[in-house]
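Structure first, then comments.
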Amino acid sequence: MFRETLTKEWLDAKRQGQLWWLSLIASLLLLLACTTGWQSYQSYQSDAKEVAQQEQMRWLNQGEKGPHSAAHYGIYVIKPATPLVALDDGLQEYQGNVVRLEAHTRNDGMFRTVQDNLPMARFGSLTPAFVLQVLLPLLILLIGYPMFSAEREQGTLKQLLASGVEPLQLFMAKCCVLFAISATLLLPVIVYLLFIQFGQSDTAKLASRSAGFFMVYISYVALWSIITIAMSCLLKSARRSLIALLTIWALSTLLIPKLAMNYSTHVYPLDSSQAFQNRLKREVYTEHREMALERFKQSLLQEYAVSSTNELPFDFAGARLQFGEQYADAIFDRLFGERLEQLQSQTDSYFLASLLSPMIAVQSLSMAFSASDFHHHQHFLAQAEQHRRMMQRVLNHNQRDHAHKNKGHYVANLSLWQQIPKFEYQPSAFTDLAHHYQVNWFSLILWLIASLLLGTFAVRKLTKEPLR
């Protein structure tokens with residue numbers, strides 16, 4: 001009986017002229033978005049690889065100079081992207097994916113792409129994530145809103161139920177048809193996810209991320225399919241169901257995410273990048289720093305039982321530079337830690353709003369699997385900072401151990417520059433950061449359960465339809 005009901009619903013859906021036009025438009029939009037996303041990813045990866053190679057060559061070919069001069073000479077490192085960024089670039093354009101590593105300073109991400117765009121250009125970008133998160137639910141409700149309500153208006157619904165069709169089977173058949181049509185629109189995404197599995201260095205990590213990415217969106221399609229059919233079943237007319245569904249769509253995809261973002265930034269305000277850098281300088285270069293350096297000097301003189309730094313068995317300037325770096329690093333850790341807590345509070349507040357909007361949960365998980373969100377960016381910044389500290393330690397120790405052996409100004413050469421390994425960012429496995437997204441997983445599951453409960457209520461109401 002269920003098979004016959006399913007076949008009937010499929011034939012009814014095929015007769016809807018607007019179904020094919022809507023599906024074609026959505027497929028073309030998603031295909032176009034995937035194509036442009038892939039091109040952007042390829043361009044970014046090519047630029048990142050070229051910049052990394054040029055920076056490494058610039059570092060190695062800087063010539064002979066003092067180790068501390070080389071520390072100030074510095075090097076730029078750039079964050080690589082996963083292939084999933086082509087589907088969801090997340091915060092890539094807003095975070096700044098290039099970091100300068102140099103002495104005495106811990107820099108933040110720079111060269112944010114969004115700063116180079118005209119304001120109107122920010123509203124004209126068409127990404128697969130936007131199509132999947134905003135336009136796909138709209139398409140689902142436009143296809144599914146008349147599935148029950150139109151039959152009720154035409155009087156065929158009572159005839160179906162009176163003929164012995166089980167309300168649950170009818171409801172499930174309509175849900176399955178709408179879900180199948182909507183899931184078919186994910187075909188460009190599925191093809192891309194399969195395509196990127198070939199020719200990658202870490203296939204296992206990428207495969208797990210791709211599977212998670214797909215599961216999030218297939219759940220999103222199921223969620224909207226059930227809600228659409230349930231609302232069409234509960235409301236008496238197609239017009240009412242369309243208005244109700246459009247209201248739910250507008251609230252969950254447009255209004256609530258915007259309000260949640262504004263609320264998070266208002267409740268947990270953050271200093272500008274320039275103000276934060278000024279604070280770093282104010283708190284590092286103080287009288288306390290000079291006093292700490294003097295105590296360090298006196299401790300060395302006492303330890304080696306000498307009266308002058310010239311009598312030490314190593315170069316005091318190199319030791320002093322390294323102590324200064326460690327002193328500043330402790331302050332950097334504190335101040336950056338405080339700002340990270342503020343950013344984490346903003347993020348947690350926004351994540352909590354996923355209880356009110358399933359799109360926030362899907363958006364957050366989508367960026368997480370694409371490694372284009374806040375937490376993955378912080379992981380990159382942490383590795384870049386560890387590399388910077390390693391650079392300073394190697395350079396300062398070299399000056400400490402060798403400068404006192406030379407008369408005049410000590411200079412290093414290529415042999416020292418080669419001791420600094422090339423920065424190779426090691427992306428984290430998703431499981432290492434999964435604890436940050438517990439609220440989003442909980443919200444998505446909760447929304448799925450809520451949609452099933454709504455569907456159950458609609459089926460119970462449907463059993464009384466012939467009695468009206």
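Residues are referred to by chain and number: the chain letter is A, B, ... according to the order shown in the structure tokens, the number counts from 1 in that chain, and ligands are numbered separately from 1 in the order shown.
Excluding stretch 274-283 of chain A and any residue on its chain fewer than 4 positions from it, the residues at most 10 Å away by only C-alpha atoms are A:His104, A:Thr105, A:Arg106, A:Asn107, A:Asp108, A:Leu270, A:Glu287, A:His288, A:Arg289, A:Ala328, A:Ile331, A:Phe332, A:Leu335, A:Phe336, A:Arg339.
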Next, write the just-selected residues to a file, as a PDB file, in the first residue's frame, keeping C-alpha atoms as the atom set.
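As written to disk, out-v8.pdb reads:
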```pdb
ATOM      1  CA  HIS A 104      59.449  41.156  19.839  1.00  0.00           C
ATOM      2  CA  THR A 105      55.954  41.121  18.282  1.00  0.00           C
ATOM      3  CA  ARG A 106      53.104  38.685  18.013  1.00  0.00           C
ATOM      4  CA  ASN A 107      51.117  39.728  14.968  1.00  0.00           C
ATOM      5  CA  ASP A 108      47.525  38.946  14.120  1.00  0.00           C
ATOM      6  CA  LEU A 270      35.992  43.638  21.335  1.00  0.00           C
ATOM      7  CA  GLU A 287      59.666  49.833  33.668  1.00  0.00           C
ATOM      8  CA  HIS A 288      58.906  46.329  34.926  1.00  0.00           C
ATOM      9  CA  ARG A 289      60.528  44.923  31.804  1.00  0.00           C
ATOM     10  CA  ALA A 328      57.145  39.371  26.211  1.00  0.00           C
ATOM     11  CA  ILE A 331      52.452  38.971  28.358  1.00  0.00           C
ATOM     12  CA  PHE A 332      51.384  37.969  24.860  1.00  0.00           C
ATOM     13  CA  LEU A 335      46.597  39.395  26.558  1.00  0.00           C
ATOM     14  CA  PHE A 336      45.896  37.141  23.600  1.00  0.00           C
ATOM     15  CA  ARG A 339      40.988  38.383  23.788  1.00  0.00           C
TER      16      ARG A 339
END
```
(request) Find the residues around A:Ser23 up to 9 Å (only C-alpha atoms counted), leave out those fewer than 2 positions away in its own chain, and share them as a PyMOL selection string. (result) chain A and resi 18-21+25-28+139+143+181-182+185
(request) Using only C-alpha atoms, pick whichever of A:Leu193, A:Met391, A:Ala150, A:Leu340 has the shortest atom-to-atom distance to A:Leu234. (result) A:Ala150
(request) Can you pull out every residue within 8 Å of A:Gly144, counting only C-alpha atoms, but drop anything in the same chain fewer than 3 positions away, and send it as a ChimeraX atom specification? (result) /A:140-141,147,178,225,228-229,232
Hey, can you spit out that residue selection with all heavy atoms as a short mmCIF file (atom, residue, chain, number, x, y, z; two decimals), in the first residue's frame?
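The result, stored in result36.cif:
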```
data_model
loop_
_atom_site.label_atom_id
_atom_site.label_comp_id
_atom_site.auth_asym_id
_atom_site.auth_seq_id
_atom_site.Cartn_x
_atom_site.Cartn_y
_atom_site.Cartn_z
N ILE A 140 12.50 24.15 -1.08
CA ILE A 140 11.75 23.02 -0.50
C ILE A 140 10.33 23.44 -0.14
O ILE A 140 9.36 22.75 -0.46
CB ILE A 140 12.50 22.46 0.73
CG1 ILE A 140 13.81 21.80 0.31
CG2 ILE A 140 11.62 21.46 1.48
CD1 ILE A 140 14.68 21.38 1.47
N LEU A 141 10.21 24.60 0.49
CA LEU A 141 8.86 25.01 0.90
C LEU A 141 8.02 25.45 -0.31
O LEU A 141 6.79 25.28 -0.30
CB LEU A 141 8.94 26.10 1.98
CG LEU A 141 9.48 27.48 1.62
CD1 LEU A 141 8.39 28.40 1.12
CD2 LEU A 141 10.14 28.11 2.87
N MET A 147 1.29 20.41 -1.06
CA MET A 147 1.13 18.96 -1.18
C MET A 147 -0.07 18.42 -0.41
O MET A 147 -0.73 17.48 -0.86
CB MET A 147 2.41 18.25 -0.73
CG MET A 147 3.51 18.27 -1.76
SD MET A 147 4.89 17.20 -1.33
CE MET A 147 5.73 17.09 -2.91
N LEU A 178 9.17 14.71 -1.37
CA LEU A 178 9.78 16.04 -1.24
C LEU A 178 11.25 15.92 -0.88
O LEU A 178 12.10 16.66 -1.42
CB LEU A 178 9.04 16.84 -0.17
CG LEU A 178 9.52 18.28 0.04
CD1 LEU A 178 9.45 19.09 -1.26
CD2 LEU A 178 8.72 18.97 1.14
N SER A 225 12.04 19.33 4.88
CA SER A 225 11.01 18.53 4.19
C SER A 225 9.89 18.16 5.15
O SER A 225 8.70 18.28 4.81
CB SER A 225 11.64 17.28 3.58
OG SER A 225 12.62 17.60 2.62
N THR A 228 7.88 21.32 6.18
CA THR A 228 7.04 21.80 5.08
C THR A 228 5.78 20.95 4.94
O THR A 228 4.66 21.48 4.83
CB THR A 228 7.83 21.79 3.77
OG1 THR A 228 8.95 22.67 3.89
CG2 THR A 228 6.95 22.25 2.60
N ILE A 229 5.94 19.62 4.94
CA ILE A 229 4.79 18.74 4.80
C ILE A 229 3.87 18.86 6.01
O ILE A 229 2.62 18.86 5.88
CB ILE A 229 5.24 17.28 4.60
CG1 ILE A 229 6.04 17.15 3.30
CG2 ILE A 229 4.05 16.34 4.58
CD1 ILE A 229 5.27 17.51 2.06
N SER A 232 1.89 22.08 5.75
CA SER A 232 0.89 21.95 4.70
C SER A 232 -0.28 21.09 5.16
O SER A 232 -1.43 21.31 4.75
CB SER A 232 1.54 21.33 3.45
OG SER A 232 0.60 21.17 2.41
#
```
